[in-house]
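Asks: Sending over a structure as structure tokens; questions will come in a sec.
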Amino acid sequence: MRLLLVEDERRMAQALCEILRLEKYDVDHCADGLEGLYAIETGAYDLIILDVMLPHKNGFEIVKEARKKGIKTPILMLTAKGELDGKVTGLDCGADDYLTKPFMTKELLARLRALGRRTINTADGALTFGDIALNTDASTLVCGENSVRLSEKEFRILEYLIANQGQILTREQLAVKIWGYESDAEYNNVEVYMSFARKKLNFVKAKTEIKAVRGIGYELRYDHV
Ligand code: CA
């Protein structure tokens, strides 16, 4: 699960990154409000932890702007003690949850797990579209009786496409999502991994296809006869 931490206090951010990575979150960090908003707007993240007091743009403004642009990613806000209205304002702006500093790590992780579950669209942790399902625990693609193991990147690509079904995802969105905000992944990496993912779809004899939309990007299609 890809998580963005927007927090300008260096020691706090370092400690959180360490804890979150131990918990197997794929963490990116921004220390600036504007940079944070830009990263959120890429739509590349599954979860966001957002501090309120940040340079250039505060957390409340960030949530408000991101929601206005249609970003639905769950956001947990960190409010400092004394920012009494912080909780109310945060939730009003469109944050999903808040935590007051200082907090217990255990508490933070529990809240994140709860928010993370919202991004997965079925109760048993399987993501489904058309005739395919992704099994998160075993990293496999399933179609009827057939299944095949996926590499980490293939899994993430299919997961991202399924989570955004009905939408065309641009190569840029895919590159950022799979390789990260800071990476120099070339667009042709996306093409290479798309062809791997298509081979896996063929292997399980899925009718679901990854369609390239010329000049725009990719989408999942299931045209059953
Ligand atoms: Ca701060």
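Chain labels follow the order of the structure tokens: the first chain is A, the next B, and so on; residue numbering restarts at 1 in every chain, and ligands are counted from 1 in their shown order.
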As a list in words, which residues of range 52-200 of chain A does DSSP assign to strand (DSSP E or B)?
Replies: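 Output for range 52-200 of chain A, strand (DSSP E or B) only: Ile75, Leu76, Met77, Leu78, Thr79, Ala80, Asp97, Tyr98, Leu99, Thr100, Lys101, Ala126, Leu127, Thr128, Phe129, Ile132, Ala133, Leu134, Asn135, Thr140, Leu141, Val142, Cys143, Asn146, Ser147, Val148, Arg149, Leu169 and Thr170 of chain A.
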Asks: Residues of the last selection are to be written out with N, CA, C and O atoms, as an mmCIF file, in the first residue's frame.
Replies:
data_model
loop_
_atom_site.group_PDB
_atom_site.id
_atom_site.type_symbol
_atom_site.label_atom_id
_atom_site.label_comp_id
_atom_site.auth_asym_id
_atom_site.auth_seq_id
_atom_site.Cartn_x
_atom_site.Cartn_y
_atom_site.Cartn_z
ATOM 1 N N ILE A 75 -7.639 10.320 4.020
ATOM 2 C CA ILE A 75 -6.650 11.217 4.613
ATOM 3 C C ILE A 75 -6.793 11.232 6.130
ATOM 4 O O ILE A 75 -7.886 11.455 6.661
ATOM 5 N N LEU A 76 -5.694 10.971 6.800
ATOM 6 C CA LEU A 76 -5.628 11.072 8.257
ATOM 7 C C LEU A 76 -4.863 12.343 8.592
ATOM 8 O O LEU A 76 -3.726 12.515 8.167
ATOM 9 N N MET A 77 -5.498 13.246 9.344
ATOM 10 C CA MET A 77 -4.825 14.498 9.673
ATOM 11 C C MET A 77 -4.191 14.424 11.044
ATOM 12 O O MET A 77 -4.736 13.817 11.964
ATOM 13 N N LEU A 78 -3.021 15.044 11.150
ATOM 14 C CA LEU A 78 -2.339 15.138 12.434
ATOM 15 C C LEU A 78 -2.518 16.560 12.950
ATOM 16 O O LEU A 78 -2.068 17.513 12.318
ATOM 17 N N THR A 79 -3.202 16.707 14.069
ATOM 18 C CA THR A 79 -3.386 18.042 14.621
ATOM 19 C C THR A 79 -2.559 18.150 15.896
ATOM 20 O O THR A 79 -2.429 17.184 16.635
ATOM 21 N N ALA A 80 -1.987 19.322 16.108
ATOM 22 C CA ALA A 80 -1.184 19.514 17.316
ATOM 23 C C ALA A 80 -2.112 19.810 18.489
ATOM 24 O O ALA A 80 -3.220 20.321 18.306
ATOM 25 N N ASP A 97 -10.153 11.172 9.019
ATOM 26 C CA ASP A 97 -9.893 10.898 10.421
ATOM 27 C C ASP A 97 -8.818 11.865 10.891
ATOM 28 O O ASP A 97 -8.184 12.541 10.072
ATOM 29 N N TYR A 98 -8.647 11.968 12.194
ATOM 30 C CA TYR A 98 -7.606 12.841 12.711
ATOM 31 C C TYR A 98 -7.012 12.207 13.957
ATOM 32 O O TYR A 98 -7.617 11.336 14.591
ATOM 33 N N LEU A 99 -5.817 12.641 14.282
ATOM 34 C CA LEU A 99 -5.119 12.160 15.455
ATOM 35 C C LEU A 99 -4.413 13.367 16.062
ATOM 36 O O LEU A 99 -3.843 14.179 15.336
ATOM 37 N N THR A 100 -4.495 13.498 17.385
ATOM 38 C CA THR A 100 -3.857 14.630 18.032
ATOM 39 C C THR A 100 -2.454 14.252 18.485
ATOM 40 O O THR A 100 -2.256 13.203 19.090
ATOM 41 N N LYS A 101 -1.503 15.098 18.174
ATOM 42 C CA LYS A 101 -0.112 14.881 18.613
ATOM 43 C C LYS A 101 0.005 15.272 20.084
ATOM 44 O O LYS A 101 -0.588 16.282 20.466
ATOM 45 N N ALA A 126 -10.287 -9.210 -1.713
ATOM 46 C CA ALA A 126 -10.039 -9.478 -3.134
ATOM 47 C C ALA A 126 -10.525 -8.298 -3.952
ATOM 48 O O ALA A 126 -11.561 -7.712 -3.666
ATOM 49 N N LEU A 127 -9.782 -7.956 -4.970
ATOM 50 C CA LEU A 127 -10.195 -6.912 -5.902
ATOM 51 C C LEU A 127 -10.714 -7.608 -7.144
ATOM 52 O O LEU A 127 -10.048 -8.493 -7.674
ATOM 53 N N THR A 128 -11.875 -7.196 -7.621
ATOM 54 C CA THR A 128 -12.454 -7.899 -8.757
ATOM 55 C C THR A 128 -12.873 -6.946 -9.862
ATOM 56 O O THR A 128 -13.216 -5.789 -9.616
ATOM 57 N N PHE A 129 -12.815 -7.473 -11.071
ATOM 58 C CA PHE A 129 -13.329 -6.740 -12.237
ATOM 59 C C PHE A 129 -13.652 -7.765 -13.319
ATOM 60 O O PHE A 129 -12.830 -8.649 -13.590
ATOM 61 N N ILE A 132 -12.080 -11.338 -13.653
ATOM 62 C CA ILE A 132 -10.819 -11.555 -12.919
ATOM 63 C C ILE A 132 -10.918 -11.078 -11.469
ATOM 64 O O ILE A 132 -11.757 -10.248 -11.124
ATOM 65 N N ALA A 133 -10.038 -11.654 -10.653
ATOM 66 C CA ALA A 133 -9.913 -11.215 -9.265
ATOM 67 C C ALA A 133 -8.439 -11.226 -8.901
ATOM 68 O O ALA A 133 -7.658 -12.026 -9.423
ATOM 69 N N LEU A 134 -8.058 -10.325 -8.040
ATOM 70 C CA LEU A 134 -6.695 -10.329 -7.521
ATOM 71 C C LEU A 134 -6.765 -10.837 -6.104
ATOM 72 O O LEU A 134 -7.555 -10.352 -5.296
ATOM 73 N N ASN A 135 -5.909 -11.804 -5.823
ATOM 74 C CA ASN A 135 -5.824 -12.296 -4.462
ATOM 75 C C ASN A 135 -4.632 -11.626 -3.785
ATOM 76 O O ASN A 135 -3.482 -11.897 -4.108
ATOM 77 N N THR A 140 -1.822 -13.324 -6.493
ATOM 78 C CA THR A 140 -2.164 -14.054 -7.699
ATOM 79 C C THR A 140 -3.325 -13.394 -8.428
ATOM 80 O O THR A 140 -4.135 -12.692 -7.833
ATOM 81 N N LEU A 141 -3.343 -13.664 -9.740
ATOM 82 C CA LEU A 141 -4.459 -13.257 -10.586
ATOM 83 C C LEU A 141 -5.304 -14.501 -10.816
ATOM 84 O O LEU A 141 -4.778 -15.551 -11.186
ATOM 85 N N VAL A 142 -6.605 -14.367 -10.578
ATOM 86 C CA VAL A 142 -7.495 -15.519 -10.674
ATOM 87 C C VAL A 142 -8.567 -15.252 -11.718
ATOM 88 O O VAL A 142 -9.134 -14.157 -11.769
ATOM 89 N N CYS A 143 -8.815 -16.270 -12.574
ATOM 90 C CA CYS A 143 -9.936 -16.187 -13.517
ATOM 91 C C CYS A 143 -10.550 -17.580 -13.567
ATOM 92 O O CYS A 143 -9.931 -18.510 -14.078
ATOM 93 N N ASN A 146 -8.498 -20.856 -13.221
ATOM 94 C CA ASN A 146 -7.081 -20.583 -13.489
ATOM 95 C C ASN A 146 -6.522 -19.520 -12.565
ATOM 96 O O ASN A 146 -7.223 -18.580 -12.202
ATOM 97 N N SER A 147 -5.250 -19.678 -12.247
ATOM 98 C CA SER A 147 -4.604 -18.597 -11.501
ATOM 99 C C SER A 147 -3.126 -18.559 -11.838
ATOM 100 O O SER A 147 -2.556 -19.545 -12.314
ATOM 101 N N VAL A 148 -2.531 -17.406 -11.625
ATOM 102 C CA VAL A 148 -1.113 -17.247 -11.928
ATOM 103 C C VAL A 148 -0.521 -16.245 -10.935
ATOM 104 O O VAL A 148 -1.198 -15.308 -10.508
ATOM 105 N N ARG A 149 0.719 -16.493 -10.565
ATOM 106 C CA ARG A 149 1.384 -15.567 -9.652
ATOM 107 C C ARG A 149 1.811 -14.313 -10.389
ATOM 108 O O ARG A 149 2.212 -14.380 -11.542
ATOM 109 N N LEU A 169 -6.519 5.551 -17.222
ATOM 110 C CA LEU A 169 -5.365 6.016 -16.449
ATOM 111 C C LEU A 169 -4.255 6.395 -17.403
ATOM 112 O O LEU A 169 -3.934 5.642 -18.325
ATOM 113 N N THR A 170 -3.676 7.565 -17.188
ATOM 114 C CA THR A 170 -2.609 7.992 -18.082
ATOM 115 C C THR A 170 -1.321 7.256 -17.734
ATOM 116 O O THR A 170 -1.160 6.747 -16.631
#
Asks: Considering only C-alpha atoms, return as a ChimeraX atom specification whatever protein or nucleic-acid residues lie within 8 Å of Ile40 in chain A, sequence-local ones (same chain, fewer than 6 positions apart) excluded.
Replies: /A:4,48,66,71
Asks: For Gln173 in chain A, which of A:Gly43, A:Gly70, A:Pro102, A:Gly36 is the closest residue, counting only C-alpha atoms?
Replies: A:Gly43
Asks: I need the residue nearest Arg111 in chain A from this list: A:Leu150, A:Val63, A:Ile49, A:Arg156. Use only C-alpha atoms for the distance.
Replies: A:Ile49
Asks: Name each residue within 10 Å of ligand 1, counting only C-alpha atoms and all ligand atoms, as a list in words.
Replies: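 Written in the requested form, the residues are Val6, Glu7, Asp8, Glu9, Arg10, Met12, Ala13, Ala31, Asp32, Gly33, Leu50, Asp51, Val52, Met53, Leu54, Pro55, Asn58, Gly59, Leu78, Thr79 and Ala80 of chain A.
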Asks: Please determine, counting only C-alpha atoms, which residue among A:Met104, A:Val192, A:Glu35, A:Lys200 has the shortest atom-to-atom distance to Phe155 in chain A.
Replies: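 Closest to Phe155 in chain A, using only C-alpha atoms: A:Lys200.
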Asks: Excluding Ile168 in chain A and its own-chain neighbours fewer than 5 positions away, which residues fall within 8 Å of it when counting only C-alpha atoms? Please give them as a PyMOL selection string.
Replies: chain A and resi 213+216-219
Asks: DSSP on the backbone: what in range 28-222 of chain A comes out alpha helix (DSSP H), as a PyMOL selection string?
Replies: chain A and resi 33-41+59-68+86-93+105-118+152-163+171-179+187-203
Asks: Would you mind telling me which residue in A:Leu220, A:Leu3, A:Glu23, A:Phe196 lies nearest to Gln167 in chain A when using only C-alpha atoms?
Replies: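 The shortest atom-to-atom distance to Gln167 in chain A comes from A:Leu220.
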Asks: Please compute the CA of Ile178 in chain A-CA of Leu158 in chain A distance, one decimal, in Å.
Replies: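 Going from CA of Ile178 in chain A over to CA of Leu158 in chain A, I get 10.5 Å.
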